[in-house]
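Colleague: Here you go, protein_20.tsv (TSV, C-alpha atoms):
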chain	number	residue	atom	x	y	z
A	82	MET	CA	-179.02	106.94	-42.69
A	83	ASN	CA	-175.79	105.06	-43.23
A	84	VAL	CA	-175.99	101.70	-41.47
A	85	VAL	CA	-173.57	99.74	-43.68
A	86	LEU	CA	-170.72	100.08	-41.18
A	87	TRP	CA	-172.99	98.88	-38.39
A	88	LEU	CA	-174.07	95.89	-40.46
A	89	VAL	CA	-170.40	95.02	-41.07
A	90	ALA	CA	-169.59	95.30	-37.35
A	91	ALA	CA	-172.62	93.22	-36.37
A	92	GLY	CA	-171.69	90.70	-39.06
A	93	ALA	CA	-168.20	90.31	-37.61
A	94	LEU	CA	-169.65	89.55	-34.19
A	95	GLY	CA	-172.15	87.16	-35.75
A	96	ILE	CA	-169.42	85.33	-37.66
A	97	CYS	CA	-167.44	84.87	-34.44
A	98	GLU	CA	-170.48	83.37	-32.70
A	99	VAL	CA	-171.34	81.08	-35.63
A	100	ALA	CA	-167.70	79.98	-35.92
A	101	SER	CA	-167.59	79.14	-32.21
A	102	ARG	CA	-170.66	76.93	-32.57
A	103	ARG	CA	-169.54	75.29	-35.83
A	104	LEU	CA	-165.97	74.60	-34.71
A	105	GLY	CA	-167.15	73.19	-31.41
A	106	ARG	CA	-164.63	72.68	-28.63
A	107	GLY	CA	-162.03	75.40	-28.26
A	108	TRP	CA	-163.27	78.57	-29.93
A	109	PRO	CA	-165.27	80.29	-27.16
A	110	THR	CA	-168.84	81.47	-27.61
A	111	ALA	CA	-169.92	84.87	-26.31
A	112	ALA	CA	-171.71	83.15	-23.43
A	113	GLN	CA	-168.54	81.26	-22.46
A	114	ILE	CA	-166.54	84.51	-22.43
A	115	VAL	CA	-169.16	86.19	-20.23
A	116	ASN	CA	-169.29	83.14	-17.95
A	117	ARG	CA	-165.53	83.21	-17.62
A	118	ALA	CA	-165.68	86.88	-16.64
A	119	ARG	CA	-168.40	86.09	-14.09
A	120	GLY	CA	-166.08	83.64	-12.42
A	121	HIS	CA	-163.82	86.44	-11.17
A	122	LEU	CA	-164.71	89.28	-8.81
A	123	VAL	CA	-163.18	91.94	-11.08
A	124	GLY	CA	-164.94	90.51	-14.11
A	125	ARG	CA	-168.27	90.54	-12.30
A	126	ALA	CA	-167.65	94.13	-11.16
A	127	VAL	CA	-166.91	95.25	-14.73
A	128	LEU	CA	-170.02	93.46	-16.02
A	129	VAL	CA	-172.23	94.99	-13.31
A	130	VAL	CA	-170.89	98.52	-13.92
A	131	GLY	CA	-171.44	98.10	-17.66
A	132	TRP	CA	-174.93	96.75	-17.04
A	133	VAL	CA	-175.89	99.66	-14.74
A	134	TRP	CA	-174.46	102.18	-17.22
A	135	LEU	CA	-176.43	100.56	-20.06
A	136	GLY	CA	-179.68	100.79	-18.11
A	137	TRP	CA	-179.06	104.40	-17.15
A	138	HIS	CA	-178.06	105.31	-20.71
A	139	VAL	CA	-181.08	103.69	-22.37
A	140	PHE	CA	-183.85	104.23	-19.82
A	141	ALA	CA	-182.89	107.34	-17.88
A	142	ARG	CA	-181.29	109.54	-20.54
B	641	MET	CA	-186.10	76.05	-3.71
B	642	ASN	CA	-188.60	73.48	-4.98
B	643	PRO	CA	-189.94	73.83	-8.56
B	644	PRO	CA	-193.48	75.16	-7.78
B	645	ARG	CA	-192.13	77.78	-5.37
B	646	SER	CA	-189.39	78.69	-7.84
B	647	ALA	CA	-192.00	79.16	-10.58
B	648	VAL	CA	-194.11	81.38	-8.30
B	649	VAL	CA	-191.11	83.52	-7.34
B	650	SER	CA	-190.00	83.79	-10.99
B	651	GLY	CA	-193.51	84.73	-12.09
B	652	ALA	CA	-193.86	87.36	-9.36
B	653	LEU	CA	-190.46	88.78	-10.28
B	654	PHE	CA	-191.41	88.94	-13.95
B	655	ILE	CA	-194.72	90.69	-13.24
B	656	SER	CA	-192.97	93.17	-10.93
B	657	LEU	CA	-190.33	93.91	-13.56
B	658	ALA	CA	-192.98	94.31	-16.27
B	659	ALA	CA	-194.85	96.81	-14.07
B	660	CYS	CA	-191.61	98.67	-13.35
B	661	GLY	CA	-190.76	98.65	-17.07
B	662	TRP	CA	-194.17	100.03	-18.03
B	663	PHE	CA	-193.82	102.72	-15.35
B	664	VAL	CA	-190.28	103.81	-16.31
B	665	ALA	CA	-191.11	103.68	-20.03
B	666	GLY	CA	-193.71	106.38	-19.45
B	667	MET	CA	-191.31	108.70	-17.62
B	668	ALA	CA	-189.78	111.71	-19.31
B	669	PRO	CA	-186.13	111.14	-20.30
B	670	PHE	CA	-183.29	113.18	-18.77
B	671	GLY	CA	-185.17	113.41	-15.50
B	672	VAL	CA	-184.12	112.76	-11.91
B	673	GLU	CA	-187.11	110.46	-11.46
B	674	SER	CA	-186.18	108.11	-14.30
B	675	SER	CA	-182.55	107.97	-13.10
B	676	ALA	CA	-183.59	107.27	-9.51
B	677	PHE	CA	-186.07	104.62	-10.57
B	678	THR	CA	-183.59	102.87	-12.89
B	679	PHE	CA	-180.87	102.82	-10.22
B	680	SER	CA	-183.39	101.58	-7.63
B	681	VAL	CA	-184.38	98.64	-9.85
B	682	ALA	CA	-180.70	97.91	-10.50
B	683	ALA	CA	-180.04	97.84	-6.74
B	684	ALA	CA	-183.04	95.56	-6.20
B	685	MET	CA	-181.79	93.17	-8.91
B	686	LEU	CA	-178.35	93.04	-7.30
B	687	ALA	CA	-179.98	92.27	-3.94
B	688	VAL	CA	-182.13	89.50	-5.45
B	689	SER	CA	-179.05	88.06	-7.16
B	690	ALA	CA	-177.12	88.09	-3.89
B	691	VAL	CA	-179.96	86.35	-2.02
B	692	ALA	CA	-180.37	83.74	-4.78
B	693	GLY	CA	-176.60	83.16	-4.86
B	694	HIS	CA	-176.54	82.68	-1.10
B	695	ALA	CA	-179.29	80.05	-1.39
B	696	HIS	CA	-177.07	78.05	-3.76
B	697	SER	CA	-173.78	78.66	-1.94
B	698	GLN	CA	-173.94	75.46	0.16
B	699	ALA	CA	-173.97	73.23	-2.91
B	700	PHE	CA	-171.19	75.32	-4.40
B	701	ASP	CA	-169.01	74.87	-1.32
B	702	LEU	CA	-169.51	71.10	-1.28
B	703	ARG	CA	-168.32	70.84	-4.85
B	704	VAL	CA	-165.39	73.22	-4.80
B	705	ARG	CA	-164.07	73.43	-1.25
B	706	GLY	CA	-164.76	69.94	-0.01
B	707	PRO	CA	-161.92	67.74	1.28
B	708	ASN	CA	-162.28	65.41	-1.73
B	709	LEU	CA	-161.43	68.11	-4.27
B	710	GLY	CA	-160.77	66.57	-7.68
B	711	ARG	CA	-162.80	63.45	-6.85
B	712	ARG	CA	-166.45	62.52	-6.91
B	713	ARG	CA	-168.34	61.79	-3.72
B	714	ASP	CA	-167.77	58.08	-4.30
B	715	GLY	CA	-164.01	58.72	-4.55
B	716	ALA	CA	-163.66	58.30	-8.32
B	717	PRO	CA	-161.56	60.93	-10.10
B	718	VAL	CA	-163.48	63.66	-11.85
B	719	PRO	CA	-163.10	63.40	-15.68
B	720	PRO	CA	-161.42	66.36	-17.40
B	721	SER	CA	-163.85	69.12	-18.26
B	722	ALA	CA	-164.50	70.37	-21.80
B	723	ASP	CA	-162.34	73.43	-21.10
B	724	ALA	CA	-159.35	71.28	-20.08
B	725	SER	CA	-159.46	69.22	-23.27
B	726	ALA	CA	-160.01	72.22	-25.55
B	727	ASP	CA	-157.56	72.97	-28.34
B	728	THR	CA	-155.38	75.77	-26.89
B	729	SER	CA	-154.46	77.31	-30.24
B	730	LEU	CA	-158.11	77.38	-31.27
B	731	VAL	CA	-159.01	79.08	-27.98
B	732	GLU	CA	-156.35	81.73	-28.55
B	733	ARG	CA	-157.44	82.29	-32.14
B	734	GLY	CA	-161.05	82.54	-31.00
B	735	VAL	CA	-160.25	85.11	-28.31
B	736	VAL	CA	-158.23	87.18	-30.83
B	737	ALA	CA	-161.12	87.01	-33.32
B	738	TRP	CA	-163.58	88.15	-30.67
B	739	LEU	CA	-161.25	91.02	-29.68
B	740	LEU	CA	-160.94	92.14	-33.31
B	741	ALA	CA	-164.72	92.00	-33.77
B	742	VAL	CA	-165.28	94.07	-30.62
B	743	LEU	CA	-162.57	96.56	-31.67
B	744	LEU	CA	-164.30	96.92	-35.05
B	745	PHE	CA	-167.56	97.62	-33.23
B	746	VAL	CA	-165.87	100.29	-31.07
B	747	ALA	CA	-164.15	101.79	-34.13
B	748	VAL	CA	-167.48	102.11	-35.97
B	749	GLU	CA	-169.03	103.76	-32.88
B	750	LEU	CA	-166.17	106.30	-32.66
B	751	TRP	CA	-166.26	106.94	-36.42
B	752	GLU	CA	-169.97	107.70	-36.28
B	753	LEU	CA	-169.65	109.67	-33.04
B	754	PHE	CA	-167.15	112.16	-34.46
B	755	HIS	CA	-169.01	112.76	-37.70
B	756	VAL	CA	-172.12	114.85	-38.33
B	757	PRO	CA	-174.99	115.03	-39.11
B	758	ARG	CA	-176.29	112.32	-36.81
B	759	SER	CA	-178.99	111.36	-39.31
B	760	THR	CA	-176.24	110.30	-41.74
B	761	TYR	CA	-173.79	108.98	-39.15
B	762	PRO	CA	-175.92	107.21	-36.53
B	763	THR	CA	-174.31	106.06	-33.31
B	764	LEU	CA	-175.49	102.91	-31.59
B	765	SER	CA	-177.45	105.07	-29.15
B	766	SER	CA	-179.28	106.89	-31.94
B	767	LEU	CA	-180.11	103.58	-33.62
B	768	VAL	CA	-181.42	102.16	-30.35
B	769	ASN	CA	-183.40	105.34	-29.80
B	770	GLU	CA	-185.27	104.68	-33.05
B	771	VAL	CA	-186.63	101.46	-31.54
B	772	LEU	CA	-186.64	102.15	-27.79
B	773	GLY	CA	-187.19	105.89	-27.75
B	774	PRO	CA	-189.76	107.56	-25.48
B	775	GLY	CA	-192.47	107.11	-28.12
B	776	HIS	CA	-192.22	103.30	-28.09
B	777	ARG	CA	-193.56	102.44	-24.65
B	778	VAL	CA	-194.20	98.71	-25.14
B	779	ALA	CA	-190.79	98.02	-26.67
B	780	ARG	CA	-189.15	100.17	-24.02
B	781	ALA	CA	-190.90	98.28	-21.23
B	782	ALA	CA	-189.93	94.91	-22.76
B	783	ALA	CA	-186.32	96.05	-23.07
B	784	PHE	CA	-186.38	97.15	-19.43
B	785	VAL	CA	-187.49	93.67	-18.33
B	786	CYS	CA	-184.69	92.08	-20.41
B	787	TRP	CA	-182.13	94.52	-19.03
B	788	ALA	CA	-183.19	93.86	-15.43
B	789	ALA	CA	-183.11	90.08	-16.00
B	790	CYS	CA	-179.57	90.39	-17.39
B	791	GLY	CA	-178.61	92.01	-14.08
B	792	LEU	CA	-179.48	88.78	-12.26
B	793	ILE	CA	-177.06	86.91	-14.54
B	794	VAL	CA	-174.07	89.25	-14.74
B	795	SER	CA	-173.91	89.86	-10.99
B	796	SER	CA	-173.93	86.19	-10.00
B	797	ARG	CA	-171.24	83.53	-10.07
B	798	PRO	CA	-171.62	80.90	-12.80
B	799	PHE	CA	-172.65	77.49	-11.51
B	800	PRO	CA	-169.75	75.00	-11.52
B	801	SER	CA	-169.88	72.72	-14.58
B	802	ARG	CA	-170.74	69.07	-13.90
What does the file become when written as structure tokens?

Modeller:
Amino acid sequence: MNVVLWLVAAGALGICEVASRRLGRGWPTAAQIVNRARGHLVGRAVLVVGWVWLGWHVFAR
Amino acid sequence: MNPPRSAVVSGALFISLAACGWFVAGMAPFGVESSAFTFSVAAAMLAVSAVAGHAHSQAFDLRVRGPNLGRRRDGAPVPPSADASADTSLVERGVVAWLLAVLLFVAVELWELFHVPRSTYPTLSSLVNEVLGPGHRVARAAAFVCWAACGLIVSSRPFPSR
């Protein structure tokens, strides 16, 4: 099973998160981006649709 | 909601979700029952989130829509928040970096999706299925509880920063 590409993709996300915490103010963390999306109705709607789809995809399919 | 009552409600919610997770983890996949149950729990989580958000809405209104907007209750100006004093160029670079990382993730998913065999080119779903497949009931139930708890977060407004 070839998981090298997945490790690279996960590493890129991890580097972004670590960079946001090391650089401090300015570079947003993943939680800050999600919180920003939650502040708007459209953002919340997108998050909720994605969340429902995820649950259906993992637990019902 | 006072702390003891909040703890009781949180505990009851957790136990209910764990029971639901154990129940749905034992259901056969690709069935109407598992779909109906998952959507029912999602609807219940959205309802709980709406009720909890309504309970906090009064405090939210006092802070954001009050006549002394931009000032504290004692009349002193509110200091600039962390977001306001953030380095704009660093924010832009951070957002671009996050976008590139997410695009890389999507590109890997599409690359794997359009190649066969699946055992050599696993998609994210097939990787997740190795851990949370129908044969792994405990992990599946735990993941269900985490997923349901995330629903409480994503469907609610963030609390205003102090």

Colleague: When distances are computed from all atoms listed in the file, which of B:Thr763, B:Phe754, B:Cys790, B:Phe663 shows the smallest separation from Leu686 in chain B?

Modeller: B:Cys790

Colleague: Given all atoms listed in the file as the basis, pick out the residue of B:Val794, B:Val688, B:Ala682, B:Leu764 nearest to Leu122 in chain A.

Modeller: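 Distance minimum relative to Leu122 in chain A lands on B:Val794.
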
Colleague: Could you please tell me, as a PyMOL selection string, which residues of chain A have an atom within 8 Å of chain B when using only C-alpha atoms?

Modeller: chain A and resi 82-84+86-87+90-91+93-94+97+101+106-109+115-116+119-120+125-126+128-129+132-133+136-137+139-142

Colleague: Give me, please, the distance in Å between CA of Ala100 in chain A and CA of Cys786 in chain B, quoted to one decimal.

Modeller: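 A separation of 26.0 Å between them.
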
Colleague: Please, what is the axis-aligned box for every listed atom of range 109-116 of chain A with 6 Å on each side, as centre and edge lengths in Å to one decimal, as JSON?

Modeller:
{"center_x": -168.5, "center_y": 83.2, "center_z": -22.8, "size_x": 18.4, "size_y": 17.9, "size_z": 21.7}

Colleague: Between CA of Phe654 in chain B and CA of Ser766 in chain B, what is the distance, to one decimal in Å?

Modeller: 28.2 Å

Colleague: What is the CA of Ile114 in chain A to CA of Gly92 in chain A distance in Å?

Modeller: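 About the pair CA of Ile114 in chain A and CA of Gly92 in chain A: they are 18.5 Å apart.
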
Colleague: From the set B:Val649, B:Val736, B:Leu753, B:Ala789, which residue has the shortest atom-to-atom contact distance to Ala684 in chain B, counting all atoms listed in the file?

Modeller: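 For Ala684 in chain B, the nearest of the candidates is B:Ala789.
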
Colleague: For Ala112 in chain A, which of A:Gly124, A:Trp134, A:Glu98, A:Val85 is the closest residue, counting all atoms listed in the file?

Modeller: A:Glu98

Colleague: If I only have part of range 675-686 of chain B, can you fill in all heavy atoms and write it as an mmCIF file, in the frame of the given file?

Modeller:
data_model
loop_
_atom_site.group_PDB
_atom_site.id
_atom_site.type_symbol
_atom_site.label_atom_id
_atom_site.label_comp_id
_atom_site.auth_asym_id
_atom_site.auth_seq_id
_atom_site.Cartn_x
_atom_site.Cartn_y
_atom_site.Cartn_z
ATOM 1 N N SER B 675 -183.872 108.440 -13.567
ATOM 2 C CA SER B 675 -182.550 107.970 -13.100
ATOM 3 C C SER B 675 -182.693 107.245 -11.766
ATOM 4 O O SER B 675 -182.151 106.144 -11.581
ATOM 5 C CB SER B 675 -181.587 109.151 -12.936
ATOM 6 O OG SER B 675 -181.311 109.723 -14.177
ATOM 7 N N ALA B 676 -183.421 107.868 -10.833
ATOM 8 C CA ALA B 676 -183.590 107.270 -9.510
ATOM 9 C C ALA B 676 -184.301 105.925 -9.597
ATOM 10 O O ALA B 676 -183.917 104.953 -8.932
ATOM 11 C CB ALA B 676 -184.374 108.239 -8.610
ATOM 12 N N PHE B 677 -185.315 105.863 -10.448
ATOM 13 C CA PHE B 677 -186.070 104.620 -10.570
ATOM 14 C C PHE B 677 -185.205 103.511 -11.183
ATOM 15 O O PHE B 677 -185.212 102.366 -10.716
ATOM 16 C CB PHE B 677 -187.318 104.856 -11.438
ATOM 17 C CG PHE B 677 -188.335 103.769 -11.334
ATOM 18 C CD1 PHE B 677 -189.220 103.732 -10.275
ATOM 19 C CD2 PHE B 677 -188.385 102.772 -12.281
ATOM 20 C CE1 PHE B 677 -190.154 102.719 -10.174
ATOM 21 C CE2 PHE B 677 -189.312 101.755 -12.190
ATOM 22 C CZ PHE B 677 -190.200 101.732 -11.129
ATOM 23 N N THR B 678 -184.447 103.869 -12.240
ATOM 24 C CA THR B 678 -183.590 102.870 -12.890
ATOM 25 C C THR B 678 -182.528 102.349 -11.916
ATOM 26 O O THR B 678 -182.293 101.133 -11.820
ATOM 27 C CB THR B 678 -182.900 103.483 -14.131
ATOM 28 O OG1 THR B 678 -183.909 103.971 -15.008
ATOM 29 C CG2 THR B 678 -182.061 102.458 -14.853
ATOM 30 N N PHE B 679 -181.885 103.261 -11.176
ATOM 31 C CA PHE B 679 -180.870 102.820 -10.220
ATOM 32 C C PHE B 679 -181.489 102.005 -9.077
ATOM 33 O O PHE B 679 -180.859 101.078 -8.561
ATOM 34 C CB PHE B 679 -180.112 104.033 -9.653
ATOM 35 C CG PHE B 679 -179.127 104.618 -10.629
ATOM 36 C CD1 PHE B 679 -179.121 105.968 -10.911
ATOM 37 C CD2 PHE B 679 -178.195 103.814 -11.285
ATOM 38 C CE1 PHE B 679 -178.217 106.507 -11.819
ATOM 39 C CE2 PHE B 679 -177.288 104.344 -12.190
ATOM 40 C CZ PHE B 679 -177.306 105.694 -12.464
ATOM 41 N N SER B 680 -182.720 102.347 -8.689
ATOM 42 C CA SER B 680 -183.390 101.580 -7.630
ATOM 43 C C SER B 680 -183.648 100.143 -8.081
ATOM 44 O O SER B 680 -183.426 99.187 -7.324
ATOM 45 C CB SER B 680 -184.707 102.239 -7.241
ATOM 46 O OG SER B 680 -184.479 103.544 -6.777
ATOM 47 N N VAL B 681 -184.132 99.992 -9.324
ATOM 48 C CA VAL B 681 -184.380 98.640 -9.850
ATOM 49 C C VAL B 681 -183.059 97.878 -9.976
ATOM 50 O O VAL B 681 -182.994 96.680 -9.668
ATOM 51 C CB VAL B 681 -185.117 98.715 -11.204
ATOM 52 C CG1 VAL B 681 -185.196 97.351 -11.859
ATOM 53 C CG2 VAL B 681 -186.520 99.278 -11.004
ATOM 54 N N ALA B 682 -182.010 98.565 -10.395
ATOM 55 C CA ALA B 682 -180.700 97.910 -10.500
ATOM 56 C C ALA B 682 -180.247 97.406 -9.126
ATOM 57 O O ALA B 682 -179.763 96.267 -8.994
ATOM 58 C CB ALA B 682 -179.672 98.877 -11.083
ATOM 59 N N ALA B 683 -180.424 98.240 -8.095
ATOM 60 C CA ALA B 683 -180.040 97.840 -6.740
ATOM 61 C C ALA B 683 -180.874 96.648 -6.271
ATOM 62 O O ALA B 683 -180.355 95.708 -5.643
ATOM 63 C CB ALA B 683 -180.208 99.022 -5.786
ATOM 64 N N ALA B 684 -182.169 96.675 -6.589
ATOM 65 C CA ALA B 684 -183.040 95.560 -6.200
ATOM 66 C C ALA B 684 -182.612 94.267 -6.898
ATOM 67 O O ALA B 684 -182.601 93.190 -6.288
ATOM 68 C CB ALA B 684 -184.493 95.902 -6.548
ATOM 69 N N MET B 685 -182.235 94.365 -8.170
ATOM 70 C CA MET B 685 -181.790 93.170 -8.910
ATOM 71 C C MET B 685 -180.503 92.608 -8.303
ATOM 72 O O MET B 685 -180.330 91.388 -8.194
ATOM 73 C CB MET B 685 -181.570 93.514 -10.381
ATOM 74 C CG MET B 685 -182.825 93.710 -11.178
ATOM 75 S SD MET B 685 -183.802 92.209 -11.292
ATOM 76 C CE MET B 685 -185.084 92.559 -10.120
ATOM 77 N N LEU B 686 -179.596 93.499 -7.919
ATOM 78 C CA LEU B 686 -178.350 93.040 -7.300
ATOM 79 C C LEU B 686 -178.641 92.352 -5.970
ATOM 80 O O LEU B 686 -178.016 91.335 -5.629
ATOM 81 C CB LEU B 686 -177.391 94.217 -7.104
ATOM 82 C CG LEU B 686 -176.870 94.877 -8.381
ATOM 83 C CD1 LEU B 686 -175.952 96.045 -8.054
ATOM 84 C CD2 LEU B 686 -176.129 93.871 -9.258
#
